[in-house]
Each structure stands twice: as structure tokens, then as C-alpha cells.
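Structure first, then comments.
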Amino acid sequence: MRAAAFTSYGPPEVLRVMEMDDPQAGAGQVRVQVKAAGVQPFDCAVRSTGWAPPGLQIAFPQILGNEFSGIIDQVGTGVTSFNVGDEVLGWALIACYAEYVVVNVEQIVKKPKEMPWEHAGVLTASGQTAYTALRKLGVYKGDTVLIHAAAGGVGSFAVQLAKAWGAATVIGTASERNHDYLHSLGAIPVVYGTGLVDRVRSLSPKGIDVALDAAGNDALVASVKLVKNKERIGTIVTFDRGEELGVQLIRSERSTEQLSELVTLYVQGKIKIHVRNTFTLEQAADAHRAVETGHGCGKVVLTID
């Protein structure tokens with residue numbers, strides 16, 4: 001199979017298409033012919049620095065990608081809930097920039113026919129991170145929620161989940177060029193920078209109930225000034241500073257139950273997915289450059305023929 005992989009850490013150009021052995025489905029597994037694979041900041045960090053969360057081993061040549069959509073073309077022994085030809089979406093750590101990926105059946109759900117491959121390929125990672133974060137922080141009917149980096153992958157899902165779960169007001173920090181996009185998601189946009197705390201207070205004089213940081217240090221400091229209960233402040237990016245400030249440090253937890261709920265919300269029209277850039281497998285390096293600019297709204301995806 002063809003796969004986008006790298007053999008040394010470095011800039012995006014270390015990524016190139018290589019020929020690798022086709023993986024084979026084992027017991028309790030399926031093989032999926034990948035149609036689309038999301039591109040995440042996580043992937044860029046692994047490629048550029050070798051960073052990896054505990055328990056994840058990098059072995060050259062290393063494929064990247066943590067979310068995918070595609071068609072099952074091989075079913076392992078003991079699998080009864082999926083068949084060859086089923087269209088699915090799911091996750092597999094550092095394995096998805098490839099023509100085929102093998103996963104356990106606990107990592108996939110069926111794709112609705114009306115869901116484009118590109119949308120299905122970018123829902124799993126950021127969507128489940130946002131889901132995990134808001135569930136841990138507790139978003140309830142009538143809450144006022146502040147999402148930092150609200151136009152990004154995780155942020156845009158978090159805005160929509162907060163609205164779907166009954167938040168009365170969602171305020172999102174973003175660059176001014178992304179404010180129309182946030183309006184379209186149902187958020188009140190506010191610019192970053194000096195005076196952020198005062199700007200948010202002017203939008204919500206009664207205070208903020210929940211804050212999620214997907215931006216970094218300044219956003220987290222502002223959140224502590226705006227939210228009384230630190231248990232309802234969380235960060236997915238600034239763990240050292242978050243620990244100092246006593247807020248929740250949130251790492252994504254994935255499950256098919258969560259993913260199924262996200263798919264249902266998508267079908268109901270309560271979650272919309274914006275794909276800002278689409279690249280081929282051969283353009284994986286360009287996809288990483290697009291993600292590393294850090295300025296676009298929505299998601300970046302590889303399509304694989």
C-alpha cells in the first residue's frame with residue numbers, strides 16, 4: 001500500500017509517500033480502505049519533534065494520522081457487527097495516512113450515507129476531544145460557555161456541542177477574520193489580545209460558567225479571572241500552566257458511544273463540519289504546512305484514492 005510516512009524528525013518535507021506491506025485484519029479486527037484522513041496539530045508535533053503521549057512508540061518509517069473514514073474490505077475472525085463493504089469512520093493512532101488501516105471493531109462506527117467522506121474523516125479526533133472536555137467541565141442548560149481558539153478544529157466542535165447541550169450563550173475567541181464563521185456556528189466572537197477579560201465581561205456581565213482553553217497561556221490566565229469555579233475551567237494544550245493554576249488538564253478519551261452521538265448530532269444538523277483544505281496523500285507535507293499556520297478555521301483533510 002501507499003502511505004505518507006517519515007524516517008527522521010523535521011519540517012513537513014520529511015513526509016513522503018512510501019510503499020509498505022498491506023496490513024491484515026486479525027481476530028476482532030477489520031481492514032478499512034481509507035477514503036479520507038484528518039490532519040491534526042498532534043500529527044505535526046510527532047513529525048517535527050518526536051513528541052508522543054505515554055505508551056505510544058514511534059518506529060521508522062512512521063505513518064501519521066489518527067482519524068479516518070473508508071470502506072471495510074477485510075473482516076477478521078470473530079467479527080459479526082461489520083461486513084465487507086460497510087462504510088465506516090473511526091480512529092487509529094499514527095496509522096491513517098495510508099491506503100489501508102487495520103483497527104479493532106471498538107474503534108469504528110458506521111458512516112451515514114449522506115455524510116461526505118471528508119466530513120467523516122475529520123470528525124473523530126477533534127470531535128471526541130471537544131466532547132470529552134465539555135463533559136468533564138459540565139455544560140448544562142442555560143450555561144454561559146467561553147471557548148478559546150473557537151474557530152479551530154476542537155473549538156468549532158466545542159461551540160456546537162455546547163449549543164446542542166443547552167448552553168444559553170457561547171462566546172468564542174478567534175482572530176477577527178474568523179468571526180463570521182463563529183457567528184454561523186452560533187457563537188458570539190471576541191478578539192484575542194489585551195483587554196480580553198474586559199471584552200468578555202461586557203458580553204456576559206453575569207459571568208462565565210465554563211471555559212475551555214485550546215489556545216494557550218494567555219487564554220488560560222484570562223479564564224481563571226472570568227470563571228469562579230476552577231473545576232469548570234479546562235485546558236487541552238497548556239498542561240504545565242494549567243497545573244499551576246489548578247484547572248482541569250484534559251486529554252481526549254475516545255469511545256464508539258461518544259462517536260455515535262457525534263454522528264447522530266451531525267445527521268440532525270446540530271453539528272456542521274467545515275473543511276478548509278483538502279489535499280491528496282502525495283500532498284501530505286502541504287497539509288502539515290496548512291495546519292502549522294495556525295490561522296485557518298475548520299479542518300484539514302487528506303483524500304486517498
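Residue names in the C-alpha cells use chain letters A, B, ... in the order shown, residue numbers from 1 in each chain, and ligand numbers from 1 in the order shown.
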Notebook entry, point to check: Hey, what does DSSP flag as helix (DSSP H, G or I) within segment 46-257 of chain A? Can you give it to me as a ChimeraX atom specification?
Noted result: /A:46-49,105-107,117-121,124-137,153-164,176-185,196-203,217-226,230-232,239-245,256-257
Next item on the list: Compile the contact shell of segment 128-136 of chain A as a list in words: residues with an atom at most 9 Å away, counting only C-alpha atoms, same-chain residues fewer than 4 positions apart removed.
Entry: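 Within the cut-off, the hits are Leu123, Thr124, Gly153, Val154, Gly155, Ser156, Phe157, Ala158, Val159, Leu161, Ala162, Val210, Leu212, Glu231, Arg232, Gly234, Thr235, Ile236, Gln248, Ile250, Arg251, Ser252, Glu253, Arg254, Ser255, Gln258, Leu259 and Leu262 of chain A.
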Once you have the residues from the selection above, write them out as a short mmCIF file (atom, residue, chain, number, x, y, z; two decimals), in the first residue's frame, restricted to C-alpha atoms.
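Saved as out_0.cif:
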data_model
loop_
_atom_site.label_atom_id
_atom_site.label_comp_id
_atom_site.auth_asym_id
_atom_site.auth_seq_id
_atom_site.Cartn_x
_atom_site.Cartn_y
_atom_site.Cartn_z
CA LEU A 123 -14.94 14.08 13.00
CA THR A 124 -13.32 11.51 15.26
CA GLY A 153 -10.77 22.00 14.96
CA VAL A 154 -11.57 21.30 18.62
CA GLY A 155 -13.00 24.75 19.25
CA SER A 156 -15.56 24.63 16.45
CA PHE A 157 -16.87 21.27 17.68
CA ALA A 158 -16.93 22.55 21.28
CA VAL A 159 -19.02 25.58 20.28
CA LEU A 161 -21.71 20.75 21.31
CA ALA A 162 -22.23 23.43 23.96
CA VAL A 210 -17.40 27.19 31.84
CA LEU A 212 -12.23 25.65 27.64
CA GLU A 231 -13.20 22.76 38.24
CA ARG A 232 -15.14 24.20 35.31
CA GLY A 234 -10.04 23.17 31.42
CA THR A 235 -7.10 23.18 29.04
CA ILE A 236 -6.20 20.74 26.29
CA GLN A 248 -8.57 20.64 34.76
CA ILE A 250 -7.98 17.33 29.76
CA ARG A 251 -6.81 14.59 27.43
CA SER A 252 -9.12 13.11 24.85
CA GLU A 253 -10.98 9.93 25.74
CA ARG A 254 -12.45 8.06 22.79
CA SER A 255 -15.30 5.60 22.59
CA GLN A 258 -19.25 9.18 22.01
CA LEU A 259 -18.54 8.92 18.32
CA LEU A 262 -21.45 12.94 17.41
#
Note to self: Counting only C-alpha atoms, which residue out of A:Thr80, A:Gln107, A:Asn217, A:Ser223 sits closest to Leu146 of chain A?
What the structure shows: A:Ser223
Next item on the list: Within 12 Å of Gly172 of chain A, counting only C-alpha atoms, which residues show up once you throw out same-chain ones fewer than 3 positions away? Write them as number ranges by chain, please.
Entry: A: 144-152, 154-160, 162, 169, 175-176, 178-192, 196, 199-200, 203, 208, 210-215, 219
Checklist line | Within 12 Å of segment 115-120 of chain A using only C-alpha atoms, minus same-chain residues under 3 positions, as a PyMOL selection string | finding: chain A and resi 33-39+67-71+87-91+108-112+123-127+259-260+262-269+271-280+298-305
Item checked: Residue neighbourhood Tyr97 of chain A, 6 Å, only C-alpha atoms, exclusion window fewer than 3 positions, as a PyMOL selection string -> chain A and resi 3-4+64-65
Next item on the list: May I ask which of the residues A:Lys163, A:Arg16, A:Arg241, A:Lys270 is the closest one to Arg2 of chain A, counting only C-alpha atoms?
Entry: A:Arg16
Notebook entry, point to check: For Ile72 of chain A, which residue out of A:Arg47, A:Gln283, A:Val105, A:Phe60 is the nearest one, using only C-alpha atoms?
Noted result: A:Val105
Note to self: Could you pull out the strand (DSSP E) residues of segment 81-216 of chain A, going by DSSP on the backbone, and write them as number ranges by chain?
What the structure shows: A: 87-91, 100-104, 108-110, 144-147, 169-173, 188-190, 210-213
Next item on the list: Provide the atom CA of Asp43 of chain A to atom CA of Leu137 of chain A distance in Å, to one decimal place.
Entry: 25.9 Å
Check: Just how far from atom CA of Gly193 of chain A is atom CA of Gly166 of chain A, in Å to one decimal?
Finding: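 Those two atoms sit 28.6 Å apart.
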Next item on the list: Measure the distance from atom CA of Asn229 of chain A to atom CA of Ala174 of chain A in Å and round it to one decimal.
Entry: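 The value is 23.7 Å.
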